[in-house]
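Novice: Questions regarding the structure given below will be posed in turn.
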Amino acid sequence: MRIAFSSWPEIDARLKSQSPLARTVVVPIGSNEQHGPTGLLGTDWLCPEIIALAAESANEAITVAPTFNIGMAQHHLAFPGTITLRPSTFMAAIGDWVSSLTRHGFERIYFLNGHGGNVASIEAAFAEIYAEWSYADERAPFMLKLRNWWDLPGVTDFCNRMFPEGHGMHATPSEIAVTQAGYPDSIKRASYSPRIAPIGPIRDAHDYRARFPDGRIGSDPDLASPEKGQQIIDKAVPALDADLTAFAAEQQP
């Protein structure tokens, strides 16, 4: 079930059903930022959305929330098209999403993330949310989970075998391939020089642009293809389904 394409009575009925996943919801979360000369700016939110929706198509018991598509990407601001939230804004918005979803009865909120730069802020947001309950000396009536899509069991190893060199850390061929599989009409091509981009630290926007002039870090996106992307999606979907099922069944001590 996709919340954005459902009516409120349908969501109400889902929450009252006896399905093991009835009160679990997936929130695809990412960022709108540069991904090199050919990567789509939406890559980091498109990848978790593509995988989450593919899982929902395979298992109608899965509920998927609208995608949280703007994240913490200040270091990419020197590239046109990037949109970012301050960490404090991002964390506050996550808190509001959790408050909204749990108010209606969702008890397991699973954030499927597509941007490494979000991780610290998402974890900090979780800590802030839980702190409110701890200070009140009450047990939180819900659980939160963060999972990067590439950290789904077996996915990173699969991608590393598929791309033994030139995988890198940003504008990777694996994430580009997933978007190519999801949106084959939006594939873009260019010549890369050097073929494999340099690597280095990530700091502010000007420093990033100076170190990585075309936006890539350690990667060769030209290795991507829609066929490889579909293989990655096919690997990720059952892993997500299993992870969600385990999360939904987790009992509070």
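By order of appearance in the structure tokens: chains A, B, ..., then residues from 1 within every chain, and ligands from 1 in the order shown.
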Extract, using only C-alpha atoms, all DNA, RNA and protein residues at most 6 Å from region 31-35 of chain A, discarding same-chain residues fewer than 6 positions from it, and format them as a list in words.
Specialist: Leu41, Gly42, Asp44, Trp45, Asn69, Ile70, Gly71, Thr82, Ile83 and Ala171 of chain A
Novice: Produce a file of the selected residues containing N, CA and C atoms, as a PDB file, in the first residue's frame.
Specialist:
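Result file is part-v8.pdb:
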ATOM      1  N   LEU A  41      20.014  14.225 -10.298  1.00  0.00           N
ATOM      2  CA  LEU A  41      20.072  14.927  -9.024  1.00  0.00           C
ATOM      3  C   LEU A  41      19.242  14.227  -7.948  1.00  0.00           C
ATOM      4  N   GLY A  42      18.245  13.516  -8.350  1.00  0.00           N
ATOM      5  CA  GLY A  42      17.401  12.804  -7.394  1.00  0.00           C
ATOM      6  C   GLY A  42      17.883  11.407  -7.035  1.00  0.00           C
ATOM      7  N   ASP A  44      19.732   9.932  -4.880  1.00  0.00           N
ATOM      8  CA  ASP A  44      19.742   9.437  -3.503  1.00  0.00           C
ATOM      9  C   ASP A  44      18.358   9.263  -2.897  1.00  0.00           C
ATOM     10  N   TRP A  45      17.341   9.903  -3.474  1.00  0.00           N
ATOM     11  CA  TRP A  45      15.985   9.589  -3.021  1.00  0.00           C
ATOM     12  C   TRP A  45      15.297   8.623  -3.980  1.00  0.00           C
ATOM     13  N   ASN A  69      12.481  13.565   0.276  1.00  0.00           N
ATOM     14  CA  ASN A  69      13.454  13.672  -0.811  1.00  0.00           C
ATOM     15  C   ASN A  69      14.479  14.798  -0.693  1.00  0.00           C
ATOM     16  N   ILE A  70      14.479  15.541   0.398  1.00  0.00           N
ATOM     17  CA  ILE A  70      15.505  16.558   0.613  1.00  0.00           C
ATOM     18  C   ILE A  70      16.233  16.223   1.903  1.00  0.00           C
ATOM     19  N   GLY A  71      17.559  16.171   1.842  1.00  0.00           N
ATOM     20  CA  GLY A  71      18.329  15.790   3.014  1.00  0.00           C
ATOM     21  C   GLY A  71      19.414  16.789   3.347  1.00  0.00           C
ATOM     22  N   THR A  82      21.437  21.282  -6.549  1.00  0.00           N
ATOM     23  CA  THR A  82      21.438  20.713  -5.203  1.00  0.00           C
ATOM     24  C   THR A  82      20.528  21.528  -4.291  1.00  0.00           C
ATOM     25  N   ILE A  83      19.746  20.829  -3.489  1.00  0.00           N
ATOM     26  CA  ILE A  83      18.896  21.458  -2.470  1.00  0.00           C
ATOM     27  C   ILE A  83      19.209  20.772  -1.150  1.00  0.00           C
ATOM     28  N   ALA A 171      28.327   9.107  -6.658  1.00  0.00           N
ATOM     29  CA  ALA A 171      28.007   8.873  -8.072  1.00  0.00           C
ATOM     30  C   ALA A 171      28.526   7.497  -8.472  1.00  0.00           C
TER      31      ALA A 171
END
Novice: Excluding same-chain residues fewer than 6 positions from Tyr208 (chain A), what lies within 8 Å of it counting only C-alpha atoms, as an MDAnalysis selection string?
Specialist: chainID A and resid 75:76 78 202 215
Novice: Looking at A:Ala124, A:Leu21, A:Phe106, A:Gly166, which one is nearest to Ala242 (chain A), with distances taken over only C-alpha atoms?
Specialist: A:Leu21
Novice: Looking at A:Gly36, A:Leu101, A:Ser174, A:Gly95, which one is nearest to Ile217 (chain A), with distances taken over only C-alpha atoms?
Specialist: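 Between A:Gly36, A:Leu101, A:Ser174, A:Gly95, the residue approaching Ile217 (chain A) most closely is A:Gly36.
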Novice: Point out the residue among A:Pro37, A:Ile176, A:Glu227, A:Gly182 with the least atom-to-atom distance to Phe79 (chain A), counting only C-alpha atoms.
Specialist: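 Once distances to Phe79 (chain A) are computed over only C-alpha atoms, the minimum belongs to A:Pro37.
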Novice: Which one is closest to His104 (chain A): A:Lys16, A:Arg86, A:Arg195, A:Lys145? Count only C-alpha atoms.
Specialist: A:Lys16
Novice: Calculate how many Å separate CA of Glu165 (chain A) from CA of Ile187 (chain A), rounding to one decimal.
Specialist: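 These atoms are spaced 21.6 Å apart.
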Novice: Which residue, A:Asp234, A:Glu49, A:Glu107, A:Asp157, has the smallest gap to Ala140 (chain A) when you use only C-alpha atoms?
Specialist: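 Of A:Asp234, A:Glu49, A:Glu107, A:Asp157, the one nearest Ala140 (chain A), counting only C-alpha atoms, is A:Glu107.
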Novice: For each of A:Asp220, A:Glu175, A:Asp96, A:Glu10, take the minimum atom-to-atom distance to Pro48 (chain A), counting only C-alpha atoms, then give the residue where this is smallest.
Specialist: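 Closest candidate: A:Glu175.
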Novice: Would you give me, as an MDAnalysis selection string, the residues in region 37-163 of chain A that DSSP reads as strand (DSSP E or B)?
Specialist: chainID A and resid 39 64 68 83 108:113 143:148
Novice: Write a file of the just-selected residues containing N, CA and C atoms, as a short mmCIF file (atom, residue, chain, number, x, y, z; two decimals), in the first residue's frame.
Specialist:
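Saved file again-v6.cif follows:
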data_model
loop_
_atom_site.label_atom_id
_atom_site.label_comp_id
_atom_site.auth_asym_id
_atom_site.auth_seq_id
_atom_site.Cartn_x
_atom_site.Cartn_y
_atom_site.Cartn_z
N GLY A 39 24.77 11.61 -13.45
CA GLY A 39 23.85 11.10 -12.44
C GLY A 39 22.68 12.05 -12.22
N VAL A 64 4.20 1.94 2.19
CA VAL A 64 5.27 2.87 1.85
C VAL A 64 4.76 4.30 1.96
N PHE A 68 10.80 11.13 1.46
CA PHE A 68 11.43 12.30 2.09
C PHE A 68 12.64 12.62 1.21
N ILE A 83 19.75 20.83 -3.49
CA ILE A 83 18.90 21.46 -2.47
C ILE A 83 19.21 20.77 -1.15
N ARG A 108 6.07 0.87 13.96
CA ARG A 108 7.42 0.61 13.47
C ARG A 108 7.66 1.52 12.26
N ILE A 109 8.59 2.46 12.41
CA ILE A 109 8.89 3.41 11.34
C ILE A 109 10.28 3.07 10.81
N TYR A 110 10.33 2.64 9.57
CA TYR A 110 11.56 2.12 8.96
C TYR A 110 12.02 3.11 7.89
N PHE A 111 13.11 3.80 8.16
CA PHE A 111 13.66 4.76 7.21
C PHE A 111 14.66 4.05 6.29
N LEU A 112 14.32 3.96 5.01
CA LEU A 112 15.22 3.37 4.02
C LEU A 112 15.97 4.51 3.35
N ASN A 113 17.24 4.64 3.68
CA ASN A 113 18.03 5.81 3.31
C ASN A 113 18.87 5.57 2.05
N MET A 143 8.94 2.01 17.55
CA MET A 143 10.36 1.78 17.31
C MET A 143 10.75 2.40 15.99
N LEU A 144 11.97 2.90 15.92
CA LEU A 144 12.51 3.52 14.71
C LEU A 144 13.70 2.71 14.22
N LYS A 145 13.84 2.65 12.92
CA LYS A 145 14.99 1.93 12.35
C LYS A 145 15.50 2.67 11.13
N LEU A 146 16.81 2.75 11.01
CA LEU A 146 17.47 3.32 9.84
C LEU A 146 18.21 2.22 9.13
N ARG A 147 18.02 2.11 7.82
CA ARG A 147 18.78 1.15 7.01
C ARG A 147 19.13 1.82 5.69
N ASN A 148 20.41 1.91 5.38
CA ASN A 148 20.83 2.35 4.04
C ASN A 148 20.51 1.23 3.06
#
Novice: Could you name the residues that touch Ala181 (chain A) at 9 Å or less, counting only C-alpha atoms, but leaving out those on the same chain fewer than 4 positions away, as a list in words?
Specialist: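 Everything that qualifies: Ile176, Ala177, Ser225, Pro226, Glu227, Lys228, Gly229, Gln230 and Ile233 of chain A.
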Novice: Just the residues within 12 Å of Ala54 (chain A), please, counting only C-alpha atoms, with nothing from its chain fewer than 2 positions along; format it as a PyMOL selection string.
Specialist: chain A and resi 1-2+46-52+56-60+62-64+178+181-182+230+232-241
